[in-house]
Each structure stands twice: as C-alpha cells, then as structure tokens.
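**Q** Have a look at the structure that comes next, please.
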Amino acid sequence: MYSPAAKAVAEKLGLKMGRANLEEFADTLLALAKTDRNILAVTSDSRGSGKLGPFGQALPQQIVEVGIAEQNLVGIAAGLGSCGKNVFAVSPACFLTARSLEQIKNDICYSDHPVTLVGISAGVSYGALGTTHHSLHDFAVLRAINNLTVVAPADNFEAREAVRAAAAATSPVYLRFGKAPLYSLPGAETAPFAFGAARTLRAGRDVAFLATGETVVHALLAAAHLEATTGLACRVVSFPTVKPLDTAAVLAAARECRAVVTAEEHLVAGGFGEAVAGVIAQAGIGTRFRIVGIPDEYTVTGSQADIFRHYGLTMEGLAATASALLARP
Amino acid sequence: MPTDRDLALKSLRYRRNILRWIKQAGAGHTGGSLSCVDILNVLYNRILRVTPATAADPLRDRYIQSKGHSVEALFVVLADRGFFPESDLATLCGYNSPYVGHPTRHVAGVEQNTGALGHGLPIAVGTALAAKLDGAAFRAFTLLGDGELAEGSNWEGALAGAHYKLDNLTAIIDCNTLQITGRTKDVMNHEPLAEKWAAFGWAVRTVDGHDFAALTAAFEKPLEPGKPSCVIARTTKGKGVSFMADVGKWHHGVPNDDEFARANAELDAAVAALTGGAA
C-alpha cells in the first residue's frame, strides 16, 4: 500500500500501523453487544468476511443469518428494527448498497427505523475481484437518499467511535469499512469524533487536503511530504461523515487555503469531492480545486494498493496533484 | 366480537368510503382496495390486537401492507377503528397531506412505509423474528398482491420465514388474478400457488377472500405449529360494484359522476337487503 518513501514519512510522523477497520468494527460491536442484548448482527452469509465469527460464537442469540439474500437482509433488518432491536446489517458494501438499495431507501430510511447498515470490504478492498465486488457508487447513491448518515472511517479510532455512535443513533446510519490494516492517525485526543463533524489532523494554509475514509492517511503523508520537500504548509481534514457534510470545515478550508484537493475511494461522479465542490460553489468562493477519485471508466483491477496508485490516491499522487494545482497560472 | 352480519355491513360502508375518497381525490387504486377490504375488515375487527390506545405497545400485533397501492382500503379501516378521523381523508393525495397514495408511518396506525412491491414479506419476517427472539406473543401479518409475487424478494422472505419456523407470521395473498397489464397468469404465471408456498415450507390454506368466517378461521391462530402460514385469499378485483368487478381498467380507475352514483346505489341496495331497509 505504501511506497518506501511513504513509509519513511509515516515513520517520521510517528504513525503506528493498526489493524483493518473491519476488525475494529467487529470487536467494538461484540463489546457493545455483550452489555446490550438488544444489539443484533444480521448477516447474509457474511459473518466470516465481516469478522463476526467470534461474535457468533460468543452471542449466538444475537446474530441472525439470512443467507445470500441482501434484499431480505435489509427487509428483515427493518422488521427487527421496527420492533426495537438495535440492528447492524452486515454485508459486502458492493452488494448491500446496490442489490438492496430499494430496501435501504424505503424500508430503512423512508420508514425511519434506526438500523445501521454496515458495508464491509468497501471501495476497492476486493480490488482484484473485479467491478462486481467494488463499491465505488455507494456515496453517490446513498447521498441521494434522505434520512441516512453516511460514514467512512479513516482509521481504527474513527471506526471504533463510529460503531459506538451508530449503536446510540436514533436514525439510520451507513458505515463503510475496508479490510486492509490502516495506520492510526493523529488527532484521537485533540479532534473528537461525532457524526457530521470533520476532524482537522494537520494545520496549514497553502493546500487543504479534504479526504474521507481510507484515503485520509495518504493525504496526511502527502501534506508532510510537501512540507518537508517544498515548505508548503498543508491542512489535512478527515471527513468521516460524507453526509451530512461538515460544510463549515469545507468553507473554512476554501476561504483560508490557497487550494483545495479532495480524496476518496469512490467514483468522482456523485462522490465526496462533488459534495465539497457544491458547498464551495454555492458559497460563491473561487478557489483552485481538484477532486481525486476514480474516474468514470472501466475500473482497473488489482490490490487496493495497486488501484490507489493507479489513480493517484497515494502520497506521491496527491502531492503531485497539489503541486500542479498551486503551480497553475 | 362482531358477527358476520356486522362485518358485512362494515364492508359495505368501507366500500362506499373507499369510492368516496378516491372520487374526491381524483386518484386511487380502486379495484385492489375493493378486493382486499374484506380481509382488512376481518383483521382489524376480529384478529389484530392493536387499537389506537395500544398503537405504540411493543407487544401489539403488526399488520404490514405489502401491496401498498391498496392504501384506500387500509385508511378507511384504520379510520373506522379510531386511529384518525375519517374526515382527514378529505386531503387524500392532496398537497402535503400525510394521506399519500401509499401507506406511510405519518398516518396513525400504519406500521411501515410501503409502495414498492416485494418489500412487506421480508419486513414481516423480521417483525415475527423479533417476537421469537424475545419470546413475545405478538403476531405479524402481511398482505401481498398476487401480481406482486413476481418480485423475487418475496421468495427470499418465504425461505427465511420457514427457516426460522415463524408460526407467528401470516402472509395473505390477495389473489384477485388481475394486474395492471392483464390477467396475472398471462403476465407472469405463478400457479400452482399453494404448492409453491407448501414447497417453501409454509402451511397453506386457500379461502374465499370475501368470506368473513373462512378468513377468520384462517387467521385466528397459526395454521400449523412451527410453520409460517400462507392464506391464499381468492378475491374479485373491484368486488361489490357490478361494473367494476373483475374488470382490469378499475385497477386505478376513478369513477365519474354517473359511475359513482350507480356504485353507491348498488352498495346502498346491498345495505338495505341486509338490514331489511332499516339502514
């Protein structure tokens, strides 16, 4: 996932390698469920890929299997949620947010049952398995559905806090988790987690990197790399919540910094960057602006690292994008 | 417990009210509301343990109308049961009215927002499963259209209902044999229907969907312990009005003034026949 140069920057920043957000999710949910029998994990033959094996062994009465049937997964979750169960419906993000989109829209969001939809192995976590297994559309489709909080945690801290917040939420939530180990980012003590709140990880007024999910660490490395090599002071803001968007953090970045670069593990169309662009444009702010994401093309396959590298979602790629943006006449 | 005659009179009044509000709104799903209203009559007046006073009771029975387009039948019955004043239906399908053309939880007594087909059964499975997980005694009922059975999600729900042995779950098929394009058997044949549900592990009973006693017997307890129940209600679309009965165009036909008068005259005559002219 990281070039030797990126690893060196991470070391200089003191970043420690954590684990996959999927594992953080499963352990956090198990801990919560042990003290609250109302919490249920509902799976579609996905307890293994959801790292919920230990959950199923420890709390067999709190895990419901629906088989390979994602529409049924979400419909049953709605029924359970309507009866007061605190449901986490867990399925690969690629299937959950496409196959059962109508159930998400109607049964959960429109009917307003506080179910948590957990998209596992999201983005290009299953990069080598092809487009069937990529979820590069989920922000776009879920942003267009009313009454849903859309969350993509950047590290284990954000993942843990997101699961806790979802368990306490009174309205529907979508959580998006990848399966690769992640560096733990700074800010756990200084930038608290809350749905709808961006978290500033690094200060600066030259370039603002606004990023979400598993691209945030690459933005942080790019900022550190640019500062070390060019002296540019770059702001890094993590947006664990894609919807509702922290518009104040977006506007502050657009007003205070010379350029804004967004990053996401998602198609550019309808994604996080376009949401940010909409906020900036509607405020009438003119700024140098670039969205880094997956373009509208037949998506390249390979590991998540391969795909990130291909599309410039790396320290080197994001630093180059920012430099070019600032250099533009 | 109301008698069959009481229910017959209620159904005639429900049919008049369905036509009244559809006529006033200038929109509605007339045929399907008339085919399922006797089923709703039995459920809400004899079976379901839910009243306006217990509408938030966690132990109440749940009814989820999967064929959401027949919302007028549901609204008329809920109003009769006191969930909201019948006069509220004057806003049916109007600007910003909660009484939209499919059920929403903004209306008192509605458990689930429906309208897209193939959603009610999985939700009812989850509802019945919640009762089982808690050892609670409440039951879940869902009403599906026969045309709706072409939606594959129903069969996912059918598998799960049997897998979890949800004998507190009853799926009712309003089998009126017509859908918007024509005869269901010509659009997408689902027969043999009883055999299909039985093969999926459900206890199945086929009844006359306008026979209050037969519907009551099918609903009053699970058909078989350890299995979910499927009640195939053979119904007539547009039932109760001679020129609407079994005629496809009344799927969402709105009566004109003459048709409205003729329909009411027929229903009034039926009331008079039941009451000896005293109604």
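Going by the structure tokens order, chains are called A, B, ..., each with residues numbered from 1, while ligands are numbered from 1 in the order shown.
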From a backbone DSSP assignment, name each residue in stretch 55-107 of chain A labelled helix (DSSP H, G or I), as a ChimeraX atom specification.
**A** /A:55-58,60-62,70-82,93-96,101-107
**Q** Take the residues from that selection and put them in a file with N, CA and C atoms, as an mmCIF file, in the first residue's frame.
**A**
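Generated file (result_21.cif):
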data_model
loop_
_atom_site.group_PDB
_atom_site.id
_atom_site.type_symbol
_atom_site.label_atom_id
_atom_site.label_comp_id
_atom_site.auth_asym_id
_atom_site.auth_seq_id
_atom_site.Cartn_x
_atom_site.Cartn_y
_atom_site.Cartn_z
ATOM 1 N N PHE A 55 -18.129 -13.063 17.319
ATOM 2 C CA PHE A 55 -19.437 -12.544 17.755
ATOM 3 C C PHE A 55 -20.453 -13.687 17.766
ATOM 4 N N GLY A 56 -20.482 -14.447 16.685
ATOM 5 C CA GLY A 56 -21.437 -15.539 16.580
ATOM 6 C C GLY A 56 -21.213 -16.602 17.638
ATOM 7 N N GLN A 57 -19.930 -16.847 17.982
ATOM 8 C CA GLN A 57 -19.640 -17.856 18.997
ATOM 9 C C GLN A 57 -19.993 -17.356 20.394
ATOM 10 N N ALA A 58 -19.721 -16.074 20.634
ATOM 11 C CA ALA A 58 -19.964 -15.537 21.974
ATOM 12 C C ALA A 58 -21.443 -15.246 22.213
ATOM 13 N N PRO A 60 -24.551 -16.278 20.249
ATOM 14 C CA PRO A 60 -25.319 -16.908 19.160
ATOM 15 C C PRO A 60 -26.770 -16.427 19.076
ATOM 16 N N GLN A 61 -27.309 -15.948 20.191
ATOM 17 C CA GLN A 61 -28.694 -15.463 20.175
ATOM 18 C C GLN A 61 -28.803 -14.052 19.602
ATOM 19 N N GLN A 62 -27.652 -13.432 19.345
ATOM 20 C CA GLN A 62 -27.686 -12.054 18.861
ATOM 21 C C GLN A 62 -27.155 -11.920 17.438
ATOM 22 N N GLU A 70 -29.460 -10.282 -0.059
ATOM 23 C CA GLU A 70 -29.239 -8.952 0.509
ATOM 24 C C GLU A 70 -30.522 -8.148 0.635
ATOM 25 N N GLN A 71 -31.468 -8.352 -0.283
ATOM 26 C CA GLN A 71 -32.740 -7.634 -0.148
ATOM 27 C C GLN A 71 -33.435 -8.066 1.132
ATOM 28 N N ASN A 72 -33.427 -9.385 1.351
ATOM 29 C CA ASN A 72 -34.014 -9.941 2.560
ATOM 30 C C ASN A 72 -33.272 -9.439 3.798
ATOM 31 N N LEU A 73 -31.955 -9.318 3.689
ATOM 32 C CA LEU A 73 -31.134 -8.816 4.796
ATOM 33 C C LEU A 73 -31.674 -7.476 5.292
ATOM 34 N N VAL A 74 -31.897 -6.579 4.351
ATOM 35 C CA VAL A 74 -32.300 -5.228 4.743
ATOM 36 C C VAL A 74 -33.773 -5.200 5.157
ATOM 37 N N GLY A 75 -34.616 -5.960 4.472
ATOM 38 C CA GLY A 75 -36.029 -6.026 4.860
ATOM 39 C C GLY A 75 -36.200 -6.607 6.257
ATOM 40 N N ILE A 76 -35.510 -7.696 6.523
ATOM 41 C CA ILE A 76 -35.592 -8.310 7.855
ATOM 42 C C ILE A 76 -35.021 -7.359 8.900
ATOM 43 N N ALA A 77 -33.940 -6.677 8.555
ATOM 44 C CA ALA A 77 -33.361 -5.699 9.487
ATOM 45 C C ALA A 77 -34.387 -4.616 9.817
ATOM 46 N N ALA A 78 -35.144 -4.185 8.815
ATOM 47 C CA ALA A 78 -36.179 -3.169 9.056
ATOM 48 C C ALA A 78 -37.240 -3.695 10.015
ATOM 49 N N GLY A 79 -37.662 -4.934 9.800
ATOM 50 C CA GLY A 79 -38.669 -5.529 10.677
ATOM 51 C C GLY A 79 -38.163 -5.653 12.105
ATOM 52 N N LEU A 80 -36.931 -6.130 12.243
ATOM 53 C CA LEU A 80 -36.338 -6.247 13.584
ATOM 54 C C LEU A 80 -36.190 -4.870 14.221
ATOM 55 N N GLY A 81 -35.731 -3.905 13.421
ATOM 56 C CA GLY A 81 -35.547 -2.548 13.943
ATOM 57 C C GLY A 81 -36.871 -1.919 14.341
ATOM 58 N N SER A 82 -37.928 -2.229 13.590
ATOM 59 C CA SER A 82 -39.239 -1.649 13.903
ATOM 60 C C SER A 82 -39.752 -2.152 15.244
ATOM 61 N N ALA A 93 -20.157 -4.146 0.920
ATOM 62 C CA ALA A 93 -20.724 -2.863 0.508
ATOM 63 C C ALA A 93 -21.207 -2.901 -0.941
ATOM 64 N N CYS A 94 -20.499 -3.651 -1.772
ATOM 65 C CA CYS A 94 -20.859 -3.703 -3.196
ATOM 66 C C CYS A 94 -22.271 -4.249 -3.393
ATOM 67 N N PHE A 95 -22.646 -5.242 -2.597
ATOM 68 C CA PHE A 95 -23.977 -5.847 -2.736
ATOM 69 C C PHE A 95 -25.015 -5.066 -1.921
ATOM 70 N N LEU A 96 -24.632 -4.736 -0.699
ATOM 71 C CA LEU A 96 -25.572 -4.073 0.223
ATOM 72 C C LEU A 96 -26.137 -2.794 -0.379
ATOM 73 N N LEU A 101 -30.626 -1.581 -2.595
ATOM 74 C CA LEU A 101 -30.776 -0.120 -2.489
ATOM 75 C C LEU A 101 -32.226 0.283 -2.235
ATOM 76 N N GLU A 102 -33.169 -0.393 -2.894
ATOM 77 C CA GLU A 102 -34.573 -0.014 -2.701
ATOM 78 C C GLU A 102 -35.031 -0.302 -1.272
ATOM 79 N N GLN A 103 -34.520 -1.396 -0.703
ATOM 80 C CA GLN A 103 -34.861 -1.691 0.699
ATOM 81 C C GLN A 103 -34.237 -0.652 1.630
ATOM 82 N N ILE A 104 -33.002 -0.216 1.312
ATOM 83 C CA ILE A 104 -32.376 0.829 2.132
ATOM 84 C C ILE A 104 -33.223 2.100 2.063
ATOM 85 N N LYS A 105 -33.586 2.471 0.840
ATOM 86 C CA LYS A 105 -34.349 3.707 0.642
ATOM 87 C C LYS A 105 -35.705 3.664 1.346
ATOM 88 N N ASN A 106 -36.453 2.578 1.120
ATOM 89 C CA ASN A 106 -37.838 2.541 1.599
ATOM 90 C C ASN A 106 -37.987 1.951 2.993
ATOM 91 N N ASP A 107 -37.416 0.761 3.177
ATOM 92 C CA ASP A 107 -37.702 0.015 4.408
ATOM 93 C C ASP A 107 -36.974 0.623 5.607
#
**Q** Using only C-alpha atoms, determine which residues lie at most 12 Å from B:Ala199, disregarding the query and same-chain residues fewer than 3 positions distant; provide the list as a list in words.
**A**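 Near B:Ala199, the qualifying residues are Trp155, Ala158, Leu159, Ala162, Pro192, Leu193, Ala194, Glu195, Lys196, Trp202, Ala203, Val204, Lys227 and Cys230 of chain B.
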**Q** Restricting the output to C-alpha atoms, write the selected residues as a PDB file, in the first residue's frame.
**A**
ATOM      1  CA  TRP B 155     -39.235 -15.762  -2.212  1.00  0.00           C
ATOM      2  CA  ALA B 158     -40.515 -17.153   2.089  1.00  0.00           C
ATOM      3  CA  LEU B 159     -37.296 -19.118   2.608  1.00  0.00           C
ATOM      4  CA  ALA B 162     -39.847 -21.217   7.019  1.00  0.00           C
ATOM      5  CA  PRO B 192     -49.658 -23.629  -8.800  1.00  0.00           C
ATOM      6  CA  LEU B 193     -49.538 -21.170  -5.949  1.00  0.00           C
ATOM      7  CA  ALA B 194     -50.489 -23.305  -2.953  1.00  0.00           C
ATOM      8  CA  GLU B 195     -47.963 -25.931  -3.965  1.00  0.00           C
ATOM      9  CA  LYS B 196     -45.230 -23.305  -4.241  1.00  0.00           C
ATOM     10  CA  TRP B 202     -45.325 -22.903   4.721  1.00  0.00           C
ATOM     11  CA  ALA B 203     -48.692 -24.111   5.988  1.00  0.00           C
ATOM     12  CA  VAL B 204     -51.142 -23.092   3.280  1.00  0.00           C
ATOM     13  CA  LYS B 227     -44.565 -23.184  10.206  1.00  0.00           C
ATOM     14  CA  CYS B 230     -49.878 -18.568   3.920  1.00  0.00           C
TER      15      CYS B 230
END
**Q** Could you name the residues that touch stretch 98-107 of chain B at 9 Å or less, counting only C-alpha atoms, but leaving out those on the same chain fewer than 4 positions away, as a PyMOL selection string?
**A** (chain A and resi 110-112) or (chain B and resi 27-29+65+67-72+74-75+83-84+88-89+91-94+111-115)
**Q** Sort by chain and increasing residue number a table of all residues of chain B within 6 Å of chain A, each with its closest pair of atoms and their distance in Å to one decimal, counting only C-alpha atoms, and write it as a tab-separated table.
**A**
residue	atom	partner	partner_atom	distance
B:Gln112	CA	A:Ser111	CA	5.9
B:Asn113	CA	A:Ser111	CA	5.1
B:Pro122	CA	A:Gly75	CA	4.8
B:Ile123	CA	A:Gly79	CA	4.3
B:Ala124	CA	A:Gly79	CA	6.0
B:Val125	CA	A:Ile76	CA	6.0
B:Gly126	CA	A:Ile76	CA	3.9
B:Thr127	CA	A:Gly79	CA	4.3
B:Ala130	CA	A:Leu80	CA	5.3
B:Glu156	CA	A:Asn72	CA	5.9
**Q** Taking only C-alpha atoms into account, name the residue in A:Asp306, A:Glu265, A:Asp138, A:Glu161 that is nearest to A:Lys243.
**A**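 When distances to A:Lys243 are compared using only C-alpha atoms, the smallest one comes from A:Asp138.
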**Q** I'd like the neighbourhood of B:Gly32 as a list in words, where a residue qualifies if any of its atoms comes within 10 Å (using only C-alpha atoms), though same-chain residues fewer than 5 positions away should be ignored.
**A**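 My reading of the contact set: Val37, Lys67, Gly68, His69, Ser70, Val71, Glu72, Ala73, Gly145, Asp174, Cys175, Asn176, Leu178, Gln179, Thr235, Thr236, Lys237, Gly238, Lys239, Trp250, His251 and His252 of chain B.
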**Q** Identify, on the basis of only C-alpha atoms, every residue whose closest approach to A:Arg164 does not exceed 9 Å; exclude the query and any residue fewer than 6 positions from it along the same chain; express the result as a ChimeraX atom specification.
**A** /A:28-29,32
**Q** Any chance you can output those residues with C-alpha atoms as a compact mmCIF listing (two decimals), in the first residue's frame?
**A**
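And here's again.txt as it stands now:
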# COMPACT_ATOMS: atom_id res chain seq x y z
CA THR A 28 -16.32 -2.97 19.07
CA LEU A 29 -19.71 -4.39 18.16
CA LEU A 32 -21.24 -3.35 22.92
**Q** Can you work out which one of A:Ala305, A:Thr247, A:Cys257, A:Ala222 has the shortest atom-to-atom distance to A:Ala281, counting only C-alpha atoms?
**A**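 That would be A:Thr247, the residue with the smallest distance to A:Ala281.
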**Q** What lies within 9 Å of B:Leu7 using only C-alpha atoms, ignoring chain neighbours under 2 positions off, as a list of chain:residue names?
**A**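 Residues near the query, excluding close chain neighbours: B:Pro2, B:Thr3, B:Asp4, B:Arg5, B:Leu9, B:Lys10, B:Ser11, B:Leu12, B:Asp38, B:Asn41, B:Val42, B:Asn45, B:Phe212.
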**Q** Among the residues of stretch 100-156 of chain B, find those DSSP assigns to strand (DSSP E) from the backbone and print them as a list in words.
**A**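 Answer for stretch 100-156 of chain B restricted to strand (DSSP E) is Ala140, Phe141, Thr142, Leu143, Leu144 and Gly145 of chain B.
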**Q** Could you please take those selected residues and save C-alpha atoms as a CSV table (one decimal), in the first residue's frame?
**A**
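Resulting contents of part-v3.csv:
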chain,number,residue,atom,x,y,z
B,140,ALA,CA,-47.2,-10.4,12.2
B,141,PHE,CA,-49.5,-10.3,9.2
B,142,THR,CA,-48.7,-9.0,5.7
B,143,LEU,CA,-50.9,-8.6,2.7
B,144,LEU,CA,-49.4,-9.3,-0.7
B,145,GLY,CA,-50.9,-8.9,-4.2
**Q** Using only C-alpha atoms, which of the listed residues (A:Ser238, A:Thr132, A:Ser171, A:Ser184) sits closest to A:Ala198?
**A** A:Ser238
